[in-house]
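Asks: Let me begin by handing over the structure; questions about it come next.
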Amino acid sequence: MADREDEIMEALAATISVVYSILVDVCQLLPVPIGLPTDQHIPATDAIPAIRRVAKLAKDQPMGETQEAQLFTGCIHLLAAMDLYGLCAANWVETRAEGAGANLIYAREALVNLGAWLASQAD
């Protein structure tokens, strides 16, 4: 892989980690908190099933439809980004990397907005 591709992959990996951390924080603020793996390095084999579980449980949280959608959206876009990242690692395609980045933007936005709403409800 060329240097530029390596840099993009490193940036994507770092952003996946940041968005996952936001998801962990949001899940702790939910009306019915959900615990996620939080080690220094969480392998995808642990993170992916946990994120899928959160997406599945989103509709069971006692909050509005908008907030349920934000949680679900954050999860599915994070999962899509992780899938595209894995495909890029196996076979670099620039549009896959761009897709991963776009999914991370949507996931982060949904989770940050949900986190702000949840924090305002705690006051």
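As shown in the structure tokens, the chain order sets the letters A, B, ...; within each chain, residues go from 1, and ligands are also counted from 1 in the order they appear.
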List as a list in words the protein and nucleic acid residues near Gln121 (chain A), meaning an atom at most 12 Å away when only C-alpha atoms are counted, but skip any in the same chain fewer than 3 places from it.

Replies: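 Final neighbour list, sorted by chain and number: Leu29, Leu30, Pro31, Met63, Gln67, Leu114, Gly115, Ala116, Trp117 and Leu118 of chain A.
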
Asks: Could the residues in this selection be saved with N, CA, C and O atoms as a compact mmCIF listing (two decimals), in the first residue's frame?

Replies:
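Saved to result_37.txt:
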```
# COMPACT_ATOMS: atom_id res chain seq x y z
N LEU A 29 -25.28 6.46 29.11
CA LEU A 29 -26.26 7.50 29.42
C LEU A 29 -27.70 7.08 29.11
O LEU A 29 -28.63 7.79 29.48
N LEU A 30 -27.87 5.97 28.42
CA LEU A 30 -29.21 5.53 28.02
C LEU A 30 -30.10 5.31 29.24
O LEU A 30 -29.60 4.98 30.33
N PRO A 31 -31.41 5.45 29.05
CA PRO A 31 -32.32 5.19 30.18
C PRO A 31 -32.11 3.80 30.79
O PRO A 31 -32.18 3.64 32.01
N MET A 63 -37.30 5.92 25.15
CA MET A 63 -37.04 7.28 24.68
C MET A 63 -37.79 7.47 23.37
O MET A 63 -38.37 6.53 22.84
N GLN A 67 -34.66 9.66 19.08
CA GLN A 67 -33.50 9.18 19.81
C GLN A 67 -33.21 7.71 19.50
O GLN A 67 -32.05 7.32 19.36
N LEU A 114 -27.43 12.40 20.01
CA LEU A 114 -28.12 11.60 21.02
C LEU A 114 -27.49 11.83 22.40
O LEU A 114 -28.20 11.99 23.40
N GLY A 115 -26.18 11.84 22.45
CA GLY A 115 -25.49 12.07 23.73
C GLY A 115 -25.86 13.41 24.34
O GLY A 115 -26.08 13.51 25.55
N ALA A 116 -25.97 14.45 23.51
CA ALA A 116 -26.36 15.77 24.01
C ALA A 116 -27.79 15.73 24.56
O ALA A 116 -28.06 16.29 25.63
N TRP A 117 -28.68 15.04 23.85
CA TRP A 117 -30.06 14.93 24.33
C TRP A 117 -30.11 14.17 25.65
O TRP A 117 -30.79 14.57 26.58
N LEU A 118 -29.39 13.05 25.72
CA LEU A 118 -29.38 12.25 26.95
C LEU A 118 -28.82 13.04 28.12
O LEU A 118 -29.35 12.97 29.23
```

Asks: So which residues touch Tyr20 (chain A) within 12 Å, counting only C-alpha atoms, skipping near sequence neighbours fewer than 5 positions away, as a ChimeraX atom specification?

Replies: /A:13-15,25-27,36-39,41-44,47-48,50-51,54,74-79,81-82,104,107-108,111-112

Asks: Deliver the residues from the most recent selection as a file, using N, CA, C and O atoms, as a tab-separated table (two decimals), in the first residue's frame.

Replies:
```
chain	number	residue	atom	x	y	z
A	13	ALA	N	-8.92	4.14	11.00
A	13	ALA	CA	-8.86	3.32	12.22
A	13	ALA	C	-9.01	4.19	13.46
A	13	ALA	O	-9.73	3.84	14.39
A	14	ALA	N	-8.34	5.33	13.48
A	14	ALA	CA	-8.43	6.23	14.63
A	14	ALA	C	-9.85	6.77	14.78
A	14	ALA	O	-10.37	6.86	15.90
A	15	THR	N	-10.48	7.09	13.67
A	15	THR	CA	-11.84	7.63	13.73
A	15	THR	C	-12.83	6.56	14.14
A	15	THR	O	-13.77	6.84	14.89
A	25	ASP	N	-19.85	5.82	25.53
A	25	ASP	CA	-20.32	6.87	26.44
A	25	ASP	C	-21.83	7.05	26.35
A	25	ASP	O	-22.51	7.18	27.37
A	26	VAL	N	-22.36	7.07	25.13
A	26	VAL	CA	-23.79	7.23	24.92
A	26	VAL	C	-24.55	6.07	25.57
A	26	VAL	O	-25.58	6.26	26.23
A	27	CYS	N	-24.03	4.87	25.40
A	27	CYS	CA	-24.71	3.68	25.95
A	27	CYS	C	-24.78	3.73	27.47
A	27	CYS	O	-25.72	3.19	28.06
A	36	LEU	N	-20.57	-1.94	26.95
A	36	LEU	CA	-19.82	-2.40	25.78
A	36	LEU	C	-18.38	-2.69	26.20
A	36	LEU	O	-17.89	-2.12	27.17
A	37	PRO	N	-17.68	-3.56	25.46
A	37	PRO	CA	-16.27	-3.81	25.78
A	37	PRO	C	-15.47	-2.50	25.73
A	37	PRO	O	-15.66	-1.70	24.81
A	38	THR	N	-14.61	-2.30	26.72
A	38	THR	CA	-13.86	-1.03	26.79
A	38	THR	C	-12.38	-1.22	27.11
A	38	THR	O	-11.80	-0.40	27.82
A	39	ASP	N	-11.77	-2.26	26.64
A	39	ASP	CA	-10.33	-2.45	26.86
A	39	ASP	C	-9.54	-1.44	26.04
A	39	ASP	O	-10.09	-0.72	25.20
A	41	HIS	N	-7.48	-2.03	23.63
A	41	HIS	CA	-7.66	-2.40	22.23
A	41	HIS	C	-8.77	-3.45	22.18
A	41	HIS	O	-8.62	-4.54	22.72
A	42	ILE	N	-9.86	-3.11	21.54
A	42	ILE	CA	-10.98	-4.04	21.42
A	42	ILE	C	-10.96	-4.63	20.03
A	42	ILE	O	-11.09	-3.90	19.04
A	43	PRO	N	-10.77	-5.94	19.92
A	43	PRO	CA	-10.77	-6.53	18.58
A	43	PRO	C	-12.16	-6.43	17.94
A	43	PRO	O	-13.19	-6.43	18.63
A	44	ALA	N	-12.16	-6.33	16.63
A	44	ALA	CA	-13.43	-6.23	15.89
A	44	ALA	C	-14.33	-7.42	16.20
A	44	ALA	O	-15.55	-7.28	16.23
A	47	ALA	N	-16.10	-6.14	19.25
A	47	ALA	CA	-16.84	-4.88	19.07
A	47	ALA	C	-18.05	-5.05	18.15
A	47	ALA	O	-19.13	-4.54	18.47
A	48	ILE	N	-17.88	-5.75	17.05
A	48	ILE	CA	-18.97	-5.85	16.07
A	48	ILE	C	-20.22	-6.50	16.66
A	48	ILE	O	-21.32	-5.93	16.53
A	50	ALA	N	-21.15	-6.58	19.73
A	50	ALA	CA	-21.67	-5.66	20.75
A	50	ALA	C	-22.42	-4.50	20.09
A	50	ALA	O	-23.50	-4.11	20.55
A	51	ILE	N	-21.88	-3.96	19.01
A	51	ILE	CA	-22.55	-2.86	18.30
A	51	ILE	C	-23.86	-3.36	17.69
A	51	ILE	O	-24.88	-2.66	17.74
A	54	VAL	N	-26.46	-3.47	20.39
A	54	VAL	CA	-26.98	-2.14	20.71
A	54	VAL	C	-28.00	-1.70	19.65
A	54	VAL	O	-29.07	-1.19	19.99
A	74	GLY	N	-26.39	5.55	14.43
A	74	GLY	CA	-24.98	5.55	14.83
A	74	GLY	C	-24.38	4.16	14.75
A	74	GLY	O	-23.26	3.99	14.25
A	75	CYS	N	-25.12	3.17	15.18
A	75	CYS	CA	-24.63	1.79	15.16
A	75	CYS	C	-24.45	1.26	13.74
A	75	CYS	O	-23.40	0.70	13.41
A	76	ILE	N	-25.47	1.42	12.90
A	76	ILE	CA	-25.37	0.82	11.57
A	76	ILE	C	-24.32	1.52	10.71
A	76	ILE	O	-23.64	0.87	9.91
A	77	HIS	N	-24.16	2.82	10.89
A	77	HIS	CA	-23.12	3.51	10.11
A	77	HIS	C	-21.72	3.15	10.63
A	77	HIS	O	-20.79	3.03	9.82
A	78	LEU	N	-21.58	2.96	11.92
A	78	LEU	CA	-20.30	2.51	12.45
A	78	LEU	C	-19.98	1.10	11.94
A	78	LEU	O	-18.85	0.83	11.51
A	79	LEU	N	-20.96	0.23	11.95
A	79	LEU	CA	-20.75	-1.13	11.42
A	79	LEU	C	-20.38	-1.10	9.93
A	79	LEU	O	-19.48	-1.82	9.49
A	81	ALA	N	-18.95	1.34	8.33
A	81	ALA	CA	-17.58	1.86	8.22
A	81	ALA	C	-16.55	0.78	8.53
A	81	ALA	O	-15.52	0.67	7.85
A	82	MET	N	-16.83	-0.01	9.55
A	82	MET	CA	-15.91	-1.09	9.91
A	82	MET	C	-15.82	-2.14	8.80
A	82	MET	O	-14.74	-2.65	8.50
A	104	LEU	N	-18.65	7.15	8.93
A	104	LEU	CA	-18.19	7.60	10.24
A	104	LEU	C	-18.71	8.99	10.58
A	104	LEU	O	-19.04	9.27	11.73
A	107	ALA	N	-22.34	8.40	11.59
A	107	ALA	CA	-22.41	7.73	12.89
A	107	ALA	C	-22.08	8.71	14.01
A	107	ALA	O	-22.79	8.78	15.02
A	108	ARG	N	-21.01	9.45	13.84
A	108	ARG	CA	-20.58	10.40	14.88
A	108	ARG	C	-21.66	11.45	15.12
A	108	ARG	O	-22.00	11.76	16.27
A	111	LEU	N	-24.65	9.98	17.04
A	111	LEU	CA	-24.33	9.65	18.43
A	111	LEU	C	-24.06	10.88	19.29
A	111	LEU	O	-24.46	10.94	20.45
A	112	VAL	N	-23.40	11.88	18.71
A	112	VAL	CA	-23.15	13.12	19.46
A	112	VAL	C	-24.48	13.81	19.76
A	112	VAL	O	-24.69	14.29	20.89
```

Asks: From the DSSP assignment of the backbone, select every residue of region 8-118 of chain A that is helix (DSSP H, G or I), and format the answer as a count of residues only.

Replies: 90

Asks: Find the spatial neighbours of region 68-71 of chain A, counting only C-alpha atoms, within a cut-off of 6 Å - ignore same-chain residues fewer than 2 positions away - and output them as a ChimeraX atom specification.

Replies: /A:58-59,65-66,73-74,110

Asks: Hey, can you spit out that residue selection with N, CA and C atoms as an mmCIF file, in the first residue's frame?

Replies:
```cif
data_model
loop_
_atom_site.group_PDB
_atom_site.id
_atom_site.type_symbol
_atom_site.label_atom_id
_atom_site.label_comp_id
_atom_site.auth_asym_id
_atom_site.auth_seq_id
_atom_site.Cartn_x
_atom_site.Cartn_y
_atom_site.Cartn_z
ATOM 1 N N ALA A 58 -31.991 -0.789 20.425
ATOM 2 C CA ALA A 58 -32.348 0.633 20.343
ATOM 3 C C ALA A 58 -33.847 0.846 20.493
ATOM 4 N N LYS A 59 -34.628 -0.003 19.859
ATOM 5 C CA LYS A 59 -36.093 0.175 19.896
ATOM 6 C C LYS A 59 -36.681 -0.135 21.268
ATOM 7 N N GLU A 65 -38.825 8.373 19.347
ATOM 8 C CA GLU A 65 -38.454 7.760 18.068
ATOM 9 C C GLU A 65 -37.190 8.375 17.482
ATOM 10 N N THR A 66 -37.062 9.687 17.623
ATOM 11 C CA THR A 66 -35.867 10.359 17.096
ATOM 12 C C THR A 66 -34.615 9.820 17.762
ATOM 13 N N THR A 73 -28.987 4.539 13.962
ATOM 14 C CA THR A 73 -28.197 5.119 12.868
ATOM 15 C C THR A 73 -26.711 5.126 13.213
ATOM 16 N N GLY A 74 -26.393 5.546 14.428
ATOM 17 C CA GLY A 74 -24.983 5.548 14.832
ATOM 18 C C GLY A 74 -24.377 4.163 14.747
ATOM 19 N N ALA A 110 -24.917 11.353 14.596
ATOM 20 C CA ALA A 110 -26.094 10.782 15.258
ATOM 21 C C ALA A 110 -25.815 10.538 16.740
#
```

Asks: For each of A:Gln28, A:Thr95, A:Leu23, A:Glu7, take the minimum atom-to-atom distance to Asn113 (chain A), counting only C-alpha atoms, then give the residue where this is smallest.

Replies: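 Going through A:Gln28, A:Thr95, A:Leu23, A:Glu7 one by one, the smallest distance to Asn113 (chain A) is for A:Leu23.
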
Asks: Counting only C-alpha atoms, which residue out of A:Val32, A:Ser17, A:Trp92, A:Gly101 sits closest to Ala2 (chain A)?

Replies: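 Nearest candidate to Ala2 (chain A) out of A:Val32, A:Ser17, A:Trp92, A:Gly101: A:Trp92.
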
Asks: Residues near Ala100 (chain A), anyone? I mean within 8 Å using only C-alpha atoms, not counting same-chain ones fewer than 3 positions away, as a list in words.

Replies: Leu12, Ala80, Ala81, Met82, Leu84, Tyr85, Arg96, Ala97, Asn103 and Leu104 of chain A

Asks: Can I get the selected residues back with N, CA, C and O atoms, as an mmCIF file, in the first residue's frame?

Replies:
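Below is the file that was written, out_23.cif:
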```cif
data_model
loop_
_atom_site.group_PDB
_atom_site.id
_atom_site.type_symbol
_atom_site.label_atom_id
_atom_site.label_comp_id
_atom_site.auth_asym_id
_atom_site.auth_seq_id
_atom_site.Cartn_x
_atom_site.Cartn_y
_atom_site.Cartn_z
ATOM 1 N N LEU A 12 -8.698 6.394 9.318
ATOM 2 C CA LEU A 12 -9.974 5.694 9.452
ATOM 3 C C LEU A 12 -10.003 4.857 10.729
ATOM 4 O O LEU A 12 -11.000 4.860 11.459
ATOM 5 N N ALA A 80 -21.072 -0.266 9.170
ATOM 6 C CA ALA A 80 -20.771 -0.159 7.735
ATOM 7 C C ALA A 80 -19.344 0.351 7.521
ATOM 8 O O ALA A 80 -18.615 -0.151 6.650
ATOM 9 N N ALA A 81 -18.945 1.335 8.326
ATOM 10 C CA ALA A 81 -17.579 1.862 8.216
ATOM 11 C C ALA A 81 -16.551 0.780 8.531
ATOM 12 O O ALA A 81 -15.523 0.667 7.849
ATOM 13 N N MET A 82 -16.832 -0.012 9.552
ATOM 14 C CA MET A 82 -15.910 -1.093 9.912
ATOM 15 C C MET A 82 -15.822 -2.141 8.804
ATOM 16 O O MET A 82 -14.736 -2.646 8.498
ATOM 17 N N LEU A 84 -16.354 -1.610 5.561
ATOM 18 C CA LEU A 84 -15.606 -1.010 4.450
ATOM 19 C C LEU A 84 -14.118 -0.907 4.773
ATOM 20 O O LEU A 84 -13.269 -1.112 3.894
ATOM 21 N N TYR A 85 -13.798 -0.627 6.017
ATOM 22 C CA TYR A 85 -12.397 -0.587 6.436
ATOM 23 C C TYR A 85 -11.754 -1.960 6.221
ATOM 24 O O TYR A 85 -10.643 -2.067 5.695
ATOM 25 N N ARG A 96 -14.086 2.872 -1.406
ATOM 26 C CA ARG A 96 -14.433 2.189 -0.148
ATOM 27 C C ARG A 96 -13.978 3.013 1.046
ATOM 28 O O ARG A 96 -14.702 3.144 2.033
ATOM 29 N N ALA A 97 -12.768 3.525 0.960
ATOM 30 C CA ALA A 97 -12.250 4.355 2.051
ATOM 31 C C ALA A 97 -13.105 5.605 2.217
ATOM 32 O O ALA A 97 -13.418 6.007 3.345
ATOM 33 N N ASN A 103 -19.551 7.165 6.299
ATOM 34 C CA ASN A 103 -20.328 6.465 7.320
ATOM 35 C C ASN A 103 -19.926 6.904 8.723
ATOM 36 O O ASN A 103 -20.782 7.024 9.607
ATOM 37 N N LEU A 104 -18.650 7.150 8.927
ATOM 38 C CA LEU A 104 -18.186 7.598 10.240
ATOM 39 C C LEU A 104 -18.711 8.989 10.577
ATOM 40 O O LEU A 104 -19.039 9.269 11.732
#
```

Asks: Just how far from CA of Leu57 (chain A) is CA of Gly35 (chain A), in Å to one decimal?

Replies: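 About the pair CA of Gly35 (chain A) and CA of Leu57 (chain A): they are 12.0 Å apart.
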
Asks: Here is a test: counting only C-alpha atoms, which residue of A:Ile34, A:Met9, A:Gly64, A:Asp3 is nearest to Cys88 (chain A)?

Replies: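 Checking each of A:Ile34, A:Met9, A:Gly64, A:Asp3 against Cys88 (chain A), counting only C-alpha atoms, the winner is A:Met9.
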